[in-house]
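Enquirer: Got a structure for you, questions after.
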Amino acid sequence: MTEKSYGGSTGIPTPKSITKTKNSQEFIEETKKKKMESESRIIEPEEMEKLKQAGEIAKKVKQYIRPLIKQGTPLLEIAEKIENKIVELGGKPAFPTGLAINEIAAHSTPTYNDETKAEGLLKVDLGVQIDGYVADTAFSMDLDNNEENKKLIEAAEKALGAAIKTTTVGTPLNKIGAAAESEIQSKGFEPIRNLSGHEIEQWDLHAGLTIPGFDNSQPTQISEGTFAIEPFSTNGVGAVREGKPSGIYMIESENNVRDRFAREILDFIVEEYQTLPFCSRWLVKKFGTRALLAISQIERAGILHHYPQLIEKGNGKVAQAEHTIILTKKETIITT
């Protein structure tokens, strides 16, 4: 799941008091500690194993869903098949499945009653988590048999390969972005400059560093850790704007709500999703359509961040390619 760049790391604040479970409390304490430390973060063996397990599930889900996606397939059907398969294979969705068509670059998932059908240049963005350890991956499909779509997809995939090949401990971020940008521009397209990859930590999808898809002149060196690398190619102007609300949310602050049912929904969100994104569709499936009113009440209380859809500013078509990597001093492991 991509991150919109606001001139630094994510513009969404780290939740301050998601303390109903042991994992969320540990996450908060560890996040505070990590932000105070400048040294490389070593991947522990147990963490490594869970990251690899999540990646293996993500790979199998991609292999499973690709042949099932055709022009005219309902997006809701695609999303539910992906998310059900993740659970069947022993994981949990790390965020709502992204299904973005043409100029919609990211943060687009079907609603509970969505009738939209797959077409055009479709981005499929999926995530798997095991105990909060995440594998984040995406691919694009041309459903129109369109040559420009195919070239945009090739550009994004080549950019991803070049960026990963460039990435080792100590590589400046701008060099990683430049490798992606060069591949995209060589095909006659532009990278989207205000979308980026991101560092990933337990229960924190957008942690620490952002990983550019172009040369941003940022000399900060990448260190050991887990990262989502995700360049976007477009035939538009190379930037996104915010569109309509997506139905994708994340807990961003502590507060409470008066309504009893809304409190029940909030307790469920904290227990089930902790600090990872979720969507209204999931809550409707669990609680029925009255969950929609509860979500609105929780959002008005300032507890939730509601992700907007991200649309290419020139209405150009967008392709995306993404892998999660584990970066150590010895090697780069592509988990997805």
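Going by the structure tokens order, chains are called A, B, ..., each with residues numbered from 1, while ligands are numbered from 1 in the order shown.
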I'd like the contact shell of region 195-207 of chain A - 7 Å cut-off, only C-alpha atoms, skipping same-chain residues fewer than 2 positions apart - returned as a ChimeraX atom specification.
Expert: /A:2-5,10,27,132-133,192-193,209-213,226-230,275-276
Enquirer: Based on the selection just made, write N, CA and C atoms of those residues as a CSV table (one decimal), in the first residue's frame.
Expert:
```csv
chain,number,residue,atom,x,y,z
A,2,THR,N,0.7,2.1,-0.9
A,2,THR,CA,1.6,3.2,-1.2
A,2,THR,C,1.5,4.3,-0.2
A,3,GLU,N,2.5,5.2,-0.2
A,3,GLU,CA,2.5,6.3,0.7
A,3,GLU,C,2.5,7.6,-0.1
A,4,LYS,N,1.6,8.5,0.1
A,4,LYS,CA,1.7,9.8,-0.5
A,4,LYS,C,2.7,10.6,0.2
A,5,SER,N,3.7,11.2,-0.5
A,5,SER,CA,4.8,12.0,0.1
A,5,SER,C,4.3,13.4,0.4
A,10,THR,N,5.6,9.7,6.2
A,10,THR,CA,4.1,9.8,6.2
A,10,THR,C,3.6,11.0,7.0
A,27,PHE,N,4.3,-2.4,20.3
A,27,PHE,CA,4.6,-1.7,19.1
A,27,PHE,C,4.9,-0.2,19.4
A,132,GLY,N,1.5,-8.9,12.7
A,132,GLY,CA,1.9,-7.6,12.4
A,132,GLY,C,3.1,-7.4,11.5
A,133,TYR,N,3.7,-8.5,11.1
A,133,TYR,CA,4.9,-8.4,10.2
A,133,TYR,C,4.3,-8.6,8.8
A,192,ILE,N,5.7,8.9,-10.9
A,192,ILE,CA,4.8,9.8,-10.1
A,192,ILE,C,5.7,10.2,-8.9
A,193,ARG,N,5.9,11.5,-8.7
A,193,ARG,CA,6.9,12.0,-7.8
A,193,ARG,C,6.4,12.2,-6.4
A,209,LEU,N,11.7,5.6,6.9
A,209,LEU,CA,12.1,6.2,5.6
A,209,LEU,C,11.0,6.1,4.5
A,210,THR,N,11.0,7.0,3.6
A,210,THR,CA,10.2,6.9,2.4
A,210,THR,C,11.2,6.6,1.3
A,211,ILE,N,10.8,5.8,0.3
A,211,ILE,CA,11.7,5.4,-0.8
A,211,ILE,C,11.2,6.0,-2.1
A,212,PRO,N,11.9,7.0,-2.6
A,212,PRO,CA,11.4,7.7,-3.8
A,212,PRO,C,11.4,6.8,-5.0
A,213,GLY,N,10.6,7.2,-6.0
A,213,GLY,CA,10.6,6.6,-7.3
A,213,GLY,C,11.2,7.5,-8.3
A,226,THR,N,13.2,-3.5,6.7
A,226,THR,CA,12.2,-4.0,5.7
A,226,THR,C,11.6,-2.8,5.0
A,227,PHE,N,11.5,-3.0,3.7
A,227,PHE,CA,11.1,-1.8,2.8
A,227,PHE,C,10.2,-2.3,1.7
A,228,ALA,N,9.2,-1.5,1.4
A,228,ALA,CA,8.4,-1.7,0.2
A,228,ALA,C,8.9,-0.8,-0.9
A,229,ILE,N,9.3,-1.3,-2.0
A,229,ILE,CA,9.8,-0.6,-3.1
A,229,ILE,C,8.7,-0.6,-4.2
A,230,GLU,N,8.2,0.6,-4.6
A,230,GLU,CA,7.0,0.6,-5.5
A,230,GLU,C,7.0,1.8,-6.4
A,275,THR,N,-2.8,-1.0,14.4
A,275,THR,CA,-2.4,0.3,13.7
A,275,THR,C,-2.3,0.1,12.2
A,276,LEU,N,-2.9,-1.0,11.7
A,276,LEU,CA,-2.9,-1.3,10.3
A,276,LEU,C,-4.2,-0.8,9.6
```
Enquirer: Quick one: pull the distance between CA of Ala291 (chain A) and CA of Thr116 (chain A), Å, one decimal.
Expert: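 That distance, rounded to one decimal, is 21.8 Å.
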Enquirer: Please determine, counting only C-alpha atoms, which residue among A:Arg281, A:Lys329, A:Lys286, A:Lys165 has the shortest atom-to-atom distance to Pro96 (chain A).
Expert: A:Arg281
Enquirer: Just want the 7 Å neighbourhood of Gly225 (chain A), counted on only C-alpha atoms, with same-chain residues fewer than 3 positions away dropped. Output as a ChimeraX atom specification.
Expert: /A:41-43,326-328
Enquirer: Export N, CA and C atoms of the chosen residues as an mmCIF file, in the first residue's frame?
Expert:
```
data_model
loop_
_atom_site.group_PDB
_atom_site.id
_atom_site.type_symbol
_atom_site.label_atom_id
_atom_site.label_comp_id
_atom_site.auth_asym_id
_atom_site.auth_seq_id
_atom_site.Cartn_x
_atom_site.Cartn_y
_atom_site.Cartn_z
ATOM 1 N N ARG A 41 18.707 -1.003 12.363
ATOM 2 C CA ARG A 41 17.886 -1.922 13.131
ATOM 3 C C ARG A 41 18.115 -3.333 12.622
ATOM 4 N N ILE A 42 18.586 -4.218 13.485
ATOM 5 C CA ILE A 42 18.872 -5.594 13.097
ATOM 6 C C ILE A 42 17.573 -6.395 13.063
ATOM 7 N N ILE A 43 17.392 -7.189 12.015
ATOM 8 C CA ILE A 43 16.227 -8.056 11.901
ATOM 9 C C ILE A 43 16.478 -9.308 12.734
ATOM 10 N N ILE A 326 13.787 -7.365 2.439
ATOM 11 C CA ILE A 326 14.486 -7.317 3.720
ATOM 12 C C ILE A 326 15.943 -7.014 3.399
ATOM 13 N N LEU A 327 16.432 -5.915 3.942
ATOM 14 C CA LEU A 327 17.780 -5.454 3.638
ATOM 15 C C LEU A 327 18.688 -5.705 4.836
ATOM 16 N N THR A 328 19.745 -6.497 4.616
ATOM 17 C CA THR A 328 20.754 -6.720 5.651
ATOM 18 C C THR A 328 22.122 -6.357 5.065
#
```
Enquirer: Contacts of Thr97 (chain A) at 8 Å or less, counting only C-alpha atoms, minus same-chain residues fewer than 3 places along, as a VMD selection string?
Expert: chain A and resid 79 82 to 83 93 109 124 to 127
Enquirer: Give me the residues within 7 Å of region 84-86 of chain A as a PyMOL selection string, counting only C-alpha atoms and dropping any in the same chain fewer than 6 places off.
Expert: chain A and resi 57+61+92-93+128
Enquirer: Among region 66-205 of chain A, which residues carry a DSSP assignment of helix (DSSP H, G or I), reported as an NGL selection string?
Expert: :A and (66-68 or 75-88 or 147-166 or 173-186)
Enquirer: Tell me which protein, DNA and RNA residues are within 8 Å of Ala319 (chain A), counting only C-alpha atoms, leaving out same-chain ones fewer than 5 positions away, and put them as number ranges by chain.
Expert: A: 102, 105, 121-123, 140, 149, 152-153, 156, 232-234
Enquirer: Quick one: residues within 12 Å of Pro172 (chain A), only C-alpha atoms counted, chain neighbours fewer than 5 positions away excluded, as a list of chain:residue names?
Expert: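 Once the adjacent positions are removed, what remains is A:Ala163, A:Thr166, A:Thr167, A:Gly177, A:Ala178, A:Ala179, A:Leu209, A:Thr210, A:Ile211, A:Pro212, A:Asp215, A:Asn216, A:Ser217, A:Gln218, A:Pro219, A:Thr220, A:Gln221, A:Ile222, A:Ser223.
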Enquirer: Next, write the just-selected residues to a file, as an mmCIF file, in the first residue's frame, keeping N, CA and C atoms as the atom set.
Expert:
```cif
data_model
loop_
_atom_site.group_PDB
_atom_site.id
_atom_site.type_symbol
_atom_site.label_atom_id
_atom_site.label_comp_id
_atom_site.auth_asym_id
_atom_site.auth_seq_id
_atom_site.Cartn_x
_atom_site.Cartn_y
_atom_site.Cartn_z
ATOM 1 N N ALA A 163 15.490 -0.505 -9.244
ATOM 2 C CA ALA A 163 15.573 0.070 -7.901
ATOM 3 C C ALA A 163 16.055 -0.963 -6.894
ATOM 4 N N THR A 166 19.715 -1.745 -7.223
ATOM 5 C CA THR A 166 20.543 -0.639 -6.742
ATOM 6 C C THR A 166 20.621 -0.592 -5.215
ATOM 7 N N THR A 167 19.637 -1.191 -4.560
ATOM 8 C CA THR A 167 19.484 -1.024 -3.111
ATOM 9 C C THR A 167 20.354 -1.984 -2.314
ATOM 10 N N GLY A 177 15.945 6.076 -6.229
ATOM 11 C CA GLY A 177 14.915 6.733 -7.022
ATOM 12 C C GLY A 177 15.359 7.003 -8.449
ATOM 13 N N ALA A 178 16.632 7.392 -8.603
ATOM 14 C CA ALA A 178 17.152 7.687 -9.943
ATOM 15 C C ALA A 178 17.140 6.445 -10.827
ATOM 16 N N ALA A 179 17.412 5.280 -10.241
ATOM 17 C CA ALA A 179 17.406 4.033 -11.019
ATOM 18 C C ALA A 179 16.009 3.745 -11.554
ATOM 19 N N LEU A 209 11.737 5.638 6.891
ATOM 20 C CA LEU A 209 12.116 6.205 5.597
ATOM 21 C C LEU A 209 11.039 6.051 4.538
ATOM 22 N N THR A 210 10.964 7.036 3.637
ATOM 23 C CA THR A 210 10.213 6.883 2.404
ATOM 24 C C THR A 210 11.215 6.623 1.287
ATOM 25 N N ILE A 211 10.813 5.782 0.332
ATOM 26 C CA ILE A 211 11.706 5.354 -0.751
ATOM 27 C C ILE A 211 11.205 5.961 -2.056
ATOM 28 N N PRO A 212 11.899 6.951 -2.600
ATOM 29 C CA PRO A 212 11.388 7.668 -3.773
ATOM 30 C C PRO A 212 11.430 6.826 -5.044
ATOM 31 N N ASP A 215 14.751 10.656 -8.700
ATOM 32 C CA ASP A 215 15.902 11.278 -8.044
ATOM 33 C C ASP A 215 15.438 12.527 -7.302
ATOM 34 N N ASN A 216 15.304 12.379 -5.980
ATOM 35 C CA ASN A 216 14.799 13.497 -5.168
ATOM 36 C C ASN A 216 15.912 14.290 -4.488
ATOM 37 N N SER A 217 17.153 14.014 -4.881
ATOM 38 C CA SER A 217 18.327 14.716 -4.342
ATOM 39 C C SER A 217 18.505 14.506 -2.833
ATOM 40 N N GLN A 218 17.904 13.465 -2.299
ATOM 41 C CA GLN A 218 17.992 13.160 -0.874
ATOM 42 C C GLN A 218 19.149 12.189 -0.633
ATOM 43 N N PRO A 219 20.236 12.648 0.026
ATOM 44 C CA PRO A 219 21.417 11.797 0.175
ATOM 45 C C PRO A 219 21.358 10.821 1.344
ATOM 46 N N THR A 220 20.260 10.838 2.124
ATOM 47 C CA THR A 220 20.134 9.909 3.251
ATOM 48 C C THR A 220 20.374 8.481 2.788
ATOM 49 N N GLN A 221 21.183 7.753 3.534
ATOM 50 C CA GLN A 221 21.525 6.385 3.156
ATOM 51 C C GLN A 221 20.552 5.400 3.793
ATOM 52 N N ILE A 222 20.155 4.406 3.019
ATOM 53 C CA ILE A 222 19.254 3.384 3.522
ATOM 54 C C ILE A 222 20.038 2.415 4.407
ATOM 55 N N SER A 223 19.413 1.964 5.477
ATOM 56 C CA SER A 223 20.067 1.049 6.402
ATOM 57 C C SER A 223 19.320 -0.281 6.424
#
```
Enquirer: My list of candidates is A:Gly91, A:Gln309, A:Phe261, A:Lys81. Which is closest to Phe287 (chain A) when distances are computed with only C-alpha atoms?
Expert: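 So, comparing all the options, the nearest one is A:Phe261.
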Enquirer: As a ChimeraX atom specification, which residues of region 12-254 of chain A does DSSP assign to strand (DSSP E or B)?
Expert: /A:74,92-93,98-101,104-106,117,121-130,133-142,172,190-191,195-201,204-212,221,225-229,232-234,240-251
